Amino acid sequence: MSDQSARLLQESSPYLLQHATNPVDWYPWGGEALKIAKEKNKPIFLSIGYSSCHWCHVMARECFENPEIAQLMNQWFVNIKVDREEYPDVDAVYMKALVELTGQGGWPLSIFLTPDQKPYLGGTYFPPTPKFNRPGFPQILEEAYKLFSDDPIQTDIKSQNLLEKIHLQNKAGKSLGVKPNKLIKGAIDILKKRFDEEYGGFGSGMKFPEPMHYTLMLRYWAETGDEETLHILDKSLTKMAEGGVFDQLGGGFHRYSTDRFWRVPHFEKMLYDNGLLAKLFLDMFQATKQDIYREIPEQIFFWMESEMTSQEGAFFSSQDADTEGKEGVWYTWELKEVLNLLGPKHAKVFSKAFGMTPKGQLDGRNVLHLNMKVEALADMENIPIFEADHILKKGKKTLFEARQKRARPDTDKKIITSWNGLMITALATGYSVLGEEKYIKAAKRCAEFIWSEQWKDGKLYRIYKDGQSSIAGCLEDYAYFFEALITLYETSLQSEWVSKARQVADAMIEEFWDKDEGGFFLSGKLREQLVAKLKNPADEAMPSANAIASMALLKLGRLTGNKTYIEKSEETVKAFQVFMEQSPVAFTGLLSTLSASDLSPTEVVFAGPKEGTAFDEMWKVLHTDYRPNKVVVWSENGESNLPLAEGKNSIEPTVYVCQKGTCHPPVNSAKALDRLLERPQEIRLNIFDENKKNAQILEQEQNNFMGVMGKIFQQSGITRPSNEK
């Protein structure tokens, strides 16, 4: 075993371990590699990816496992391999650099640095020889080496200019003072123009989940009642849920769709996507009451529980797109497989429902997507709807069981604090919206694990793997976990979560706050200092950590009455006002905070015992509708240290409500609370709930069947027992 493979074998990252036996002399990110680059005055080749990235695997097989290419890399460069999930701040800096250099980014991120870490040349995937209109990787290696060795001064000047451009992105400039409602409407108007009326989502090419766009749109609808906005939400989320981008058998969303139709995805499943989308669909269920928006989070949580939960109750980071070197094989089907599993009649019905063809959509294989609803299917096949429904349910179960016997995609079992925070928020919300006790138990168990293992000496760690905590947390770890703690308080009403949220908030402000310009840096004082300090206020694959931090600070300030938190929230949004004025749709996360801060909250204080039917019924009423600006508090026997609960005590379950600047007399019944709460927006759209209609048809068919059987019984002289219902 060589020294280089031993280096990566000492790491816990599954992505780095995948490269441990490459002939490339890899170093992990850190002081040793950077020191050697300076001492030897060698340029750095920095390769950033993640374990479930398909094109990362392709480049590894074609280039990093190639001895001739590895020899060039080892001869000319200090080679550093980075897991972007471990070092999102490193990834952010060099992704910004790559976009400045080439106009686009992506993974694998392949970038060349001077010995003092300044970027000067880069790209994403490079093949071993020229193809796909891309140069071969050996050519790129030679060009990068010559640029550095032949003209180091000019290369340094170029890289320094690049860093200056990146640095200027933090400089806000002078705001025009555009009002919040105009900024928000500006973003909504742009999204309306980009909306794909036929297939949902935005644009006419590849489709990404973009949950922060939809979250702002839902908030906007809740405030204005704008029908077009709700139509965009309903069309897009329904198409997303019915498409191949959602795993129709096992639950959970894949990363994104490679086509306009949400049909053929890149098949990796990421924890963060599913946490964000579960929360979004739950919000949409509150808004519309459509069954699909309840069923999708339930299926996400099923997938999480069965495939993504560690023994300790925390959640793994991702599942790979590839099995046996090919993408999507685990999830896709040849038509003949389904014929053999289901038999001719059932296979015919099933294949029509899920859009299966002999050619398939991916290398002769089919990506299951909802192509035809049960009602139309039953009509086409001339069978009762309950029979069609039975065939589909049985078919899904049979295929799921058959899939379980295949070679499984790898699971990246590292536990990432920030991503776990997103899933805690989703699960806790799932409990309050759906009333399932198991969801709040799972959320608490995960949060308790993160607190016990990742919060040490007043600081948060990012990674937990193989029994070890490692890597100082970056802003997203603090912000996302902070948000989760507040959500846990408002859904469990246990004061310990507010106390923990305060500690995380205070540490976040101390560690990341920019005292000169406002807002939060991605890297804190404990992390290794990079060549550029970024804030990244725009939303990307995940919401901006500044956006999540500002919203969580606003909520905590309202909960605790601590004005410092509210001020920091407002200062964060203000720090990026100019950017929002220039391109509002890029900052939908921050615009959600702006929306929330511009509206007075609905303050709801529960007093008295939390147990009993009366409390449960009032709790259900409060969470039946979508109310994004509510603050929920429990007065613990009148002794709560939260100002909103002060002096509010009762021997029976009681609710105090303040809304729109008016505080109402307390109520102690669900009916009274329902009358008191401000009415949500009326849904004036003709939203068609297919599942509900099918259920009604199925019930009618069964009633008709029982009626016919009753007549047969009567004609035969057989009567039903009198106690039969």
# chains A, B, ... in the order shown; residues from 1 in each chain; ligands from 1
>>> residues_around(residues="region 620-629 of chain A", least_positions_apart="6", cutoff="7 Å", atoms="only C-alpha atoms", output="short mmCIF file (atom, residue, chain, number, x, y, z; two decimals) with N, CA and C atoms, in the first residue's frame")
data_model
loop_
_atom_site.label_atom_id
_atom_site.label_comp_id
_atom_site.auth_asym_id
_atom_site.auth_seq_id
_atom_site.Cartn_x
_atom_site.Cartn_y
_atom_site.Cartn_z
N ARG A 219 -46.06 31.77 0.79
CA ARG A 219 -46.22 32.90 1.72
C ARG A 219 -46.98 34.04 1.03
N ASP A 283 -46.53 22.14 4.23
CA ASP A 283 -47.11 23.49 4.18
C ASP A 283 -48.22 23.55 3.14
N GLN A 286 -51.39 21.96 4.35
CA GLN A 286 -52.16 22.87 5.21
C GLN A 286 -52.93 23.89 4.36
N ALA A 287 -52.30 24.36 3.30
CA ALA A 287 -52.92 25.40 2.48
C ALA A 287 -54.09 24.87 1.65
N SER A 432 -46.93 18.21 13.86
CA SER A 432 -47.95 19.22 14.13
C SER A 432 -49.04 19.23 13.06
N VAL A 433 -48.67 18.91 11.82
CA VAL A 433 -49.64 18.95 10.72
C VAL A 433 -50.44 17.65 10.61
N ALA A 596 -41.93 37.89 6.41
CA ALA A 596 -42.32 37.58 7.79
C ALA A 596 -42.13 38.78 8.71
N PRO A 601 -46.95 39.08 13.70
CA PRO A 601 -47.19 37.64 13.88
C PRO A 601 -48.51 37.36 14.58
N THR A 602 -49.03 36.18 14.37
CA THR A 602 -50.14 35.67 15.17
C THR A 602 -49.54 34.97 16.38
N ALA A 670 -62.07 23.99 20.96
CA ALA A 670 -61.62 24.03 19.57
C ALA A 670 -62.54 24.91 18.73
N ASP A 674 -61.37 28.17 16.68
CA ASP A 674 -61.56 28.21 15.23
C ASP A 674 -62.28 29.50 14.81
N PRO A 680 -57.95 31.73 6.78
CA PRO A 680 -56.93 31.64 5.72
C PRO A 680 -57.53 32.06 4.39
#
>>> residues_around(residues="region 246-256 of chain A", least_positions_apart="6", cutoff="7 Å", atoms="only C-alpha atoms", output="NGL selection string")
:A and (207-209 or 240 or 265-270 or 274 or 299-300 or 302-303 or 368-369 or 396 or 400)
>>> write_last_selection(atoms="N, CA, C and O atoms", output="compact mmCIF listing (two decimals), in the first residue's frame")
# COMPACT_ATOMS: atom_id res chain seq x y z
N LYS A 207 -35.14 20.42 -14.75
CA LYS A 207 -35.95 20.96 -13.66
C LYS A 207 -35.32 20.61 -12.30
O LYS A 207 -34.97 19.45 -12.05
N PHE A 208 -35.21 21.64 -11.46
CA PHE A 208 -34.68 21.48 -10.11
C PHE A 208 -35.80 21.74 -9.10
O PHE A 208 -36.73 22.50 -9.38
N PRO A 209 -35.71 21.14 -7.91
CA PRO A 209 -36.80 21.31 -6.93
C PRO A 209 -37.01 22.77 -6.49
O PRO A 209 -38.14 23.22 -6.38
N MET A 240 -44.08 17.32 -9.98
CA MET A 240 -42.87 16.83 -9.31
C MET A 240 -43.15 15.50 -8.60
O MET A 240 -42.39 14.53 -8.71
N PRO A 265 -34.56 11.48 -13.80
CA PRO A 265 -33.72 12.27 -12.90
C PRO A 265 -32.25 11.88 -12.97
O PRO A 265 -31.89 10.90 -13.62
N HIS A 266 -31.39 12.67 -12.31
CA HIS A 266 -30.15 12.12 -11.80
C HIS A 266 -30.54 11.46 -10.48
O HIS A 266 -31.18 12.08 -9.64
N PHE A 267 -30.13 10.22 -10.28
CA PHE A 267 -30.81 9.36 -9.31
C PHE A 267 -30.30 9.45 -7.88
O PHE A 267 -30.84 8.77 -7.01
N GLU A 268 -29.26 10.24 -7.61
CA GLU A 268 -28.85 10.32 -6.22
C GLU A 268 -29.98 10.92 -5.38
O GLU A 268 -30.73 11.77 -5.84
N LYS A 269 -30.09 10.46 -4.15
CA LYS A 269 -31.06 11.01 -3.20
C LYS A 269 -30.29 11.70 -2.09
O LYS A 269 -29.44 11.08 -1.45
N MET A 270 -30.61 12.97 -1.87
CA MET A 270 -29.91 13.76 -0.88
C MET A 270 -30.82 14.03 0.31
O MET A 270 -32.01 14.35 0.14
N ASN A 274 -34.76 16.17 0.54
CA ASN A 274 -35.95 15.52 1.08
C ASN A 274 -36.45 16.20 2.35
O ASN A 274 -37.66 16.25 2.59
N GLN A 299 -44.38 9.38 2.58
CA GLN A 299 -43.49 8.45 1.87
C GLN A 299 -42.02 8.84 2.04
O GLN A 299 -41.16 7.96 2.11
N ILE A 300 -41.73 10.13 2.12
CA ILE A 300 -40.36 10.57 2.40
C ILE A 300 -39.93 10.07 3.78
O ILE A 300 -38.83 9.53 3.95
N PHE A 302 -41.12 7.56 5.43
CA PHE A 302 -40.98 6.10 5.38
C PHE A 302 -39.59 5.72 4.86
O PHE A 302 -38.92 4.85 5.42
N TRP A 303 -39.18 6.37 3.76
CA TRP A 303 -37.84 6.11 3.20
C TRP A 303 -36.76 6.45 4.22
O TRP A 303 -35.81 5.69 4.40
N LEU A 368 -40.24 4.80 -13.54
CA LEU A 368 -41.66 4.83 -13.18
C LEU A 368 -42.10 6.26 -12.92
O LEU A 368 -41.50 6.99 -12.13
N HIS A 369 -43.16 6.67 -13.60
CA HIS A 369 -43.76 7.99 -13.38
C HIS A 369 -45.25 7.85 -13.62
O HIS A 369 -45.69 7.02 -14.43
N LYS A 396 -47.05 -2.28 -7.31
CA LYS A 396 -46.01 -1.49 -6.63
C LYS A 396 -45.35 -2.31 -5.53
O LYS A 396 -44.13 -2.29 -5.37
N PHE A 400 -41.47 -3.39 -5.58
CA PHE A 400 -40.64 -2.92 -4.46
C PHE A 400 -39.89 -4.09 -3.83
O PHE A 400 -38.68 -4.01 -3.54
>>> residues_around(residues="region 474-482 of chain A", least_positions_apart="3", cutoff="7 Å", atoms="only C-alpha atoms", output="list of chain:residue names")
A:Thr417, A:Ser418, A:Gly421, A:Leu422, A:Leu460, A:Arg462, A:Leu485, A:Ile486, A:Ala501, A:Val504, A:Ala505, A:Met508, A:Phe512, A:Leu522, A:Ser523, A:Gly524, A:Ala545, A:Ile548, A:Ala549, A:Ala552
>>> select_by_dssp(residues="region 367-532 of chain A", states="strand (DSSP E)", output="PyMOL selection string")
chain A and resi 411-412+415-416+455-456+459-465+468-472
>>> write_last_selection(atoms="N, CA and C atoms", output="PDB file, in the first residue's frame")
ATOM      1  N   THR A 411     -24.889   3.887   0.387  1.00  0.00           N
ATOM      2  CA  THR A 411     -25.384   4.967   1.240  1.00  0.00           C
ATOM      3  C   THR A 411     -24.198   5.648   1.896  1.00  0.00           C
ATOM      4  N   ASP A 412     -24.134   6.959   1.772  1.00  0.00           N
ATOM      5  CA  ASP A 412     -23.097   7.738   2.455  1.00  0.00           C
ATOM      6  C   ASP A 412     -23.571   7.927   3.896  1.00  0.00           C
ATOM      7  N   ILE A 415     -22.927  11.667   9.013  1.00  0.00           N
ATOM      8  CA  ILE A 415     -24.026  12.461   9.563  1.00  0.00           C
ATOM      9  C   ILE A 415     -23.599  13.920   9.532  1.00  0.00           C
ATOM     10  N   ILE A 416     -24.343  14.736   8.802  1.00  0.00           N
ATOM     11  CA  ILE A 416     -24.024  16.152   8.630  1.00  0.00           C
ATOM     12  C   ILE A 416     -25.002  16.964   9.472  1.00  0.00           C
ATOM     13  N   TRP A 455     -22.365  19.217  19.709  1.00  0.00           N
ATOM     14  CA  TRP A 455     -22.266  20.498  20.421  1.00  0.00           C
ATOM     15  C   TRP A 455     -21.297  20.309  21.590  1.00  0.00           C
ATOM     16  N   LYS A 456     -20.120  20.875  21.462  1.00  0.00           N
ATOM     17  CA  LYS A 456     -19.080  20.659  22.476  1.00  0.00           C
ATOM     18  C   LYS A 456     -18.405  21.980  22.831  1.00  0.00           C
ATOM     19  N   LYS A 459     -19.481  25.050  20.954  1.00  0.00           N
ATOM     20  CA  LYS A 459     -19.257  25.102  19.507  1.00  0.00           C
ATOM     21  C   LYS A 459     -19.896  23.877  18.851  1.00  0.00           C
ATOM     22  N   LEU A 460     -20.280  24.051  17.582  1.00  0.00           N
ATOM     23  CA  LEU A 460     -20.955  22.995  16.845  1.00  0.00           C
ATOM     24  C   LEU A 460     -19.989  22.352  15.853  1.00  0.00           C
ATOM     25  N   TYR A 461     -20.017  21.025  15.799  1.00  0.00           N
ATOM     26  CA  TYR A 461     -19.225  20.298  14.805  1.00  0.00           C
ATOM     27  C   TYR A 461     -20.121  19.903  13.635  1.00  0.00           C
ATOM     28  N   ARG A 462     -19.486  19.707  12.491  1.00  0.00           N
ATOM     29  CA  ARG A 462     -20.246  19.466  11.262  1.00  0.00           C
ATOM     30  C   ARG A 462     -20.481  17.987  10.966  1.00  0.00           C
ATOM     31  N   ILE A 463     -19.453  17.148  11.126  1.00  0.00           N
ATOM     32  CA  ILE A 463     -19.487  15.757  10.661  1.00  0.00           C
ATOM     33  C   ILE A 463     -19.418  14.788  11.839  1.00  0.00           C
ATOM     34  N   TYR A 464     -20.244  13.731  11.769  1.00  0.00           N
ATOM     35  CA  TYR A 464     -20.127  12.605  12.699  1.00  0.00           C
ATOM     36  C   TYR A 464     -20.049  11.340  11.868  1.00  0.00           C
ATOM     37  N   LYS A 465     -18.997  10.567  12.085  1.00  0.00           N
ATOM     38  CA  LYS A 465     -18.808   9.328  11.310  1.00  0.00           C
ATOM     39  C   LYS A 465     -17.946   8.387  12.117  1.00  0.00           C
ATOM     40  N   GLN A 468     -16.948   9.352  15.656  1.00  0.00           N
ATOM     41  CA  GLN A 468     -16.108  10.534  15.872  1.00  0.00           C
ATOM     42  C   GLN A 468     -16.774  11.789  15.324  1.00  0.00           C
ATOM     43  N   SER A 469     -16.675  12.860  16.097  1.00  0.00           N
ATOM     44  CA  SER A 469     -17.088  14.185  15.620  1.00  0.00           C
ATOM     45  C   SER A 469     -15.879  14.866  15.009  1.00  0.00           C
ATOM     46  N   SER A 470     -16.086  15.540  13.877  1.00  0.00           N
ATOM     47  CA  SER A 470     -14.949  16.196  13.235  1.00  0.00           C
ATOM     48  C   SER A 470     -15.404  17.415  12.441  1.00  0.00           C
ATOM     49  N   ILE A 471     -14.489  18.287  12.168  1.00  0.00           N
ATOM     50  CA  ILE A 471     -14.627  19.481  11.329  1.00  0.00           C
ATOM     51  C   ILE A 471     -15.546  20.514  11.994  1.00  0.00           C
ATOM     52  N   ALA A 472     -14.980  21.658  12.306  1.00  0.00           N
ATOM     53  CA  ALA A 472     -15.746  22.741  12.925  1.00  0.00           C
ATOM     54  C   ALA A 472     -16.921  23.118  12.038  1.00  0.00           C
TER      55      ALA A 472
END
>>> residues_around(residues="region 91-99 of chain A", least_positions_apart="2", cutoff="9 Å", atoms="only C-alpha atoms", output="ChimeraX atom specification")
/A:48-49,82-85,87-89,101-106,109-111,119-124,162-163,165-166,522,530-534,536
>>> closest_residue(among="A:Ser669, A:Gln311, A:Thr258, A:Gln582", to="Lys174 (chain A)", atoms="only C-alpha atoms")
A:Gln582
>>> residues_around(residues="Trp634 (chain A)", least_positions_apart="6", cutoff="8 Å", atoms="only C-alpha atoms", output="mmCIF file with all heavy atoms, in the first residue's frame")
data_model
loop_
_atom_site.group_PDB
_atom_site.id
_atom_site.type_symbol
_atom_site.label_atom_id
_atom_site.label_comp_id
_atom_site.auth_asym_id
_atom_site.auth_seq_id
_atom_site.Cartn_x
_atom_site.Cartn_y
_atom_site.Cartn_z
ATOM 1 N N LEU A 493 -43.445 22.135 22.622
ATOM 2 C CA LEU A 493 -43.668 23.043 23.744
ATOM 3 C C LEU A 493 -42.815 22.693 24.958
ATOM 4 O O LEU A 493 -43.212 22.955 26.096
ATOM 5 C CB LEU A 493 -45.163 23.096 24.113
ATOM 6 C CG LEU A 493 -46.108 23.523 22.973
ATOM 7 C CD1 LEU A 493 -47.557 23.532 23.462
ATOM 8 C CD2 LEU A 493 -45.728 24.882 22.418
ATOM 9 N N VAL A 605 -50.706 31.492 22.718
ATOM 10 C CA VAL A 605 -50.166 30.990 23.987
ATOM 11 C C VAL A 605 -51.115 29.943 24.549
ATOM 12 O O VAL A 605 -52.292 30.228 24.802
ATOM 13 C CB VAL A 605 -49.969 32.123 25.013
ATOM 14 C CG1 VAL A 605 -49.388 31.562 26.306
ATOM 15 C CG2 VAL A 605 -49.063 33.211 24.444
ATOM 16 N N PHE A 606 -50.601 28.728 24.713
ATOM 17 C CA PHE A 606 -51.347 27.669 25.389
ATOM 18 C C PHE A 606 -51.046 27.746 26.883
ATOM 19 O O PHE A 606 -49.884 27.909 27.274
ATOM 20 C CB PHE A 606 -50.942 26.295 24.861
ATOM 21 C CG PHE A 606 -51.495 25.962 23.506
ATOM 22 C CD1 PHE A 606 -50.864 26.402 22.349
ATOM 23 C CD2 PHE A 606 -52.661 25.217 23.385
ATOM 24 C CE1 PHE A 606 -51.370 26.103 21.105
ATOM 25 C CE2 PHE A 606 -53.181 24.909 22.132
ATOM 26 C CZ PHE A 606 -52.535 25.355 20.985
ATOM 27 N N ALA A 607 -52.071 27.623 27.688
ATOM 28 C CA ALA A 607 -51.890 27.589 29.141
ATOM 29 C C ALA A 607 -52.649 26.390 29.700
ATOM 30 O O ALA A 607 -53.580 25.877 29.073
ATOM 31 C CB ALA A 607 -52.399 28.883 29.770
ATOM 32 N N SER A 640 -43.454 30.360 32.923
ATOM 33 C CA SER A 640 -42.594 30.381 31.738
ATOM 34 C C SER A 640 -41.703 31.610 31.745
ATOM 35 O O SER A 640 -42.110 32.698 32.174
ATOM 36 C CB SER A 640 -43.447 30.371 30.467
ATOM 37 O OG SER A 640 -42.629 30.509 29.338
ATOM 38 N N ALA A 645 -45.820 34.411 27.563
ATOM 39 C CA ALA A 645 -46.580 33.531 28.451
ATOM 40 C C ALA A 645 -46.777 34.118 29.842
ATOM 41 O O ALA A 645 -47.503 33.551 30.665
ATOM 42 C CB ALA A 645 -45.866 32.180 28.560
#
>>> residues_around(residues="Asp25 (chain A)", least_positions_apart="2", cutoff="7 Å", atoms="only C-alpha atoms", output="list of chain:residue names")
A:Gln4, A:Pro23, A:Tyr27, A:Asn74, A:Asn79
>>> write_last_selection(atoms="N, CA, C and O atoms", output="PDB file, in the first residue's frame")
ATOM      1  N   GLN A   4       0.196   7.453  -0.461  1.00  0.00           N
ATOM      2  CA  GLN A   4      -0.945   8.270  -0.841  1.00  0.00           C
ATOM      3  C   GLN A   4      -2.272   7.587  -0.539  1.00  0.00           C
ATOM      4  O   GLN A   4      -3.220   8.228  -0.099  1.00  0.00           O
ATOM      5  N   PRO A  23      -4.125   5.647  -8.277  1.00  0.00           N
ATOM      6  CA  PRO A  23      -2.679   5.869  -8.409  1.00  0.00           C
ATOM      7  C   PRO A  23      -2.284   7.344  -8.230  1.00  0.00           C
ATOM      8  O   PRO A  23      -1.097   7.671  -8.223  1.00  0.00           O
ATOM      9  N   TYR A  27      -3.951  14.102  -1.410  1.00  0.00           N
ATOM     10  CA  TYR A  27      -3.942  14.575  -0.024  1.00  0.00           C
ATOM     11  C   TYR A  27      -5.366  14.996   0.337  1.00  0.00           C
ATOM     12  O   TYR A  27      -6.103  15.506  -0.518  1.00  0.00           O
ATOM     13  N   ASN A  74       0.800  13.567 -10.553  1.00  0.00           N
ATOM     14  CA  ASN A  74       1.773  13.463  -9.461  1.00  0.00           C
ATOM     15  C   ASN A  74       3.052  14.235  -9.765  1.00  0.00           C
ATOM     16  O   ASN A  74       3.695  14.795  -8.871  1.00  0.00           O
ATOM     17  N   ASN A  79      -1.919  17.228  -5.364  1.00  0.00           N
ATOM     18  CA  ASN A  79      -3.309  16.882  -5.654  1.00  0.00           C
ATOM     19  C   ASN A  79      -4.116  16.753  -4.362  1.00  0.00           C
ATOM     20  O   ASN A  79      -3.764  15.964  -3.480  1.00  0.00           O
TER      21      ASN A  79
END
>>> select_by_dssp(residues="region 376-516 of chain A", states="helix (DSSP H, G or I)", output="PyMOL selection string")
chain A and resi 376-381+385-403+417-434+437-454+475-492+496-512
>>> residues_around(residues="Glu581 (chain A)", least_positions_apart="4", cutoff="10 Å", atoms="only C-alpha atoms", output="PyMOL selection string")
chain A and resi 175-180+182-184+186-187+576-577+585+587
>>> atom_distance(atom1="CA of Ala347 (chain A)", atom2="CA of Val264 (chain A)")
21.2 Å
>>> atom_distance(atom1="CA of Lys239 (chain A)", atom2="CA of Ile292 (chain A)")
10.9 Å
>>> atom_distance(atom1="CA of Leu677 (chain A)", atom2="CA of Leu590 (chain A)")
27.3 Å
>>> closest_residue(among="A:His54, A:Lys373, A:Lys535, A:Arg194", to="Gly328 (chain A)", atoms="only C-alpha atoms")
A:His54
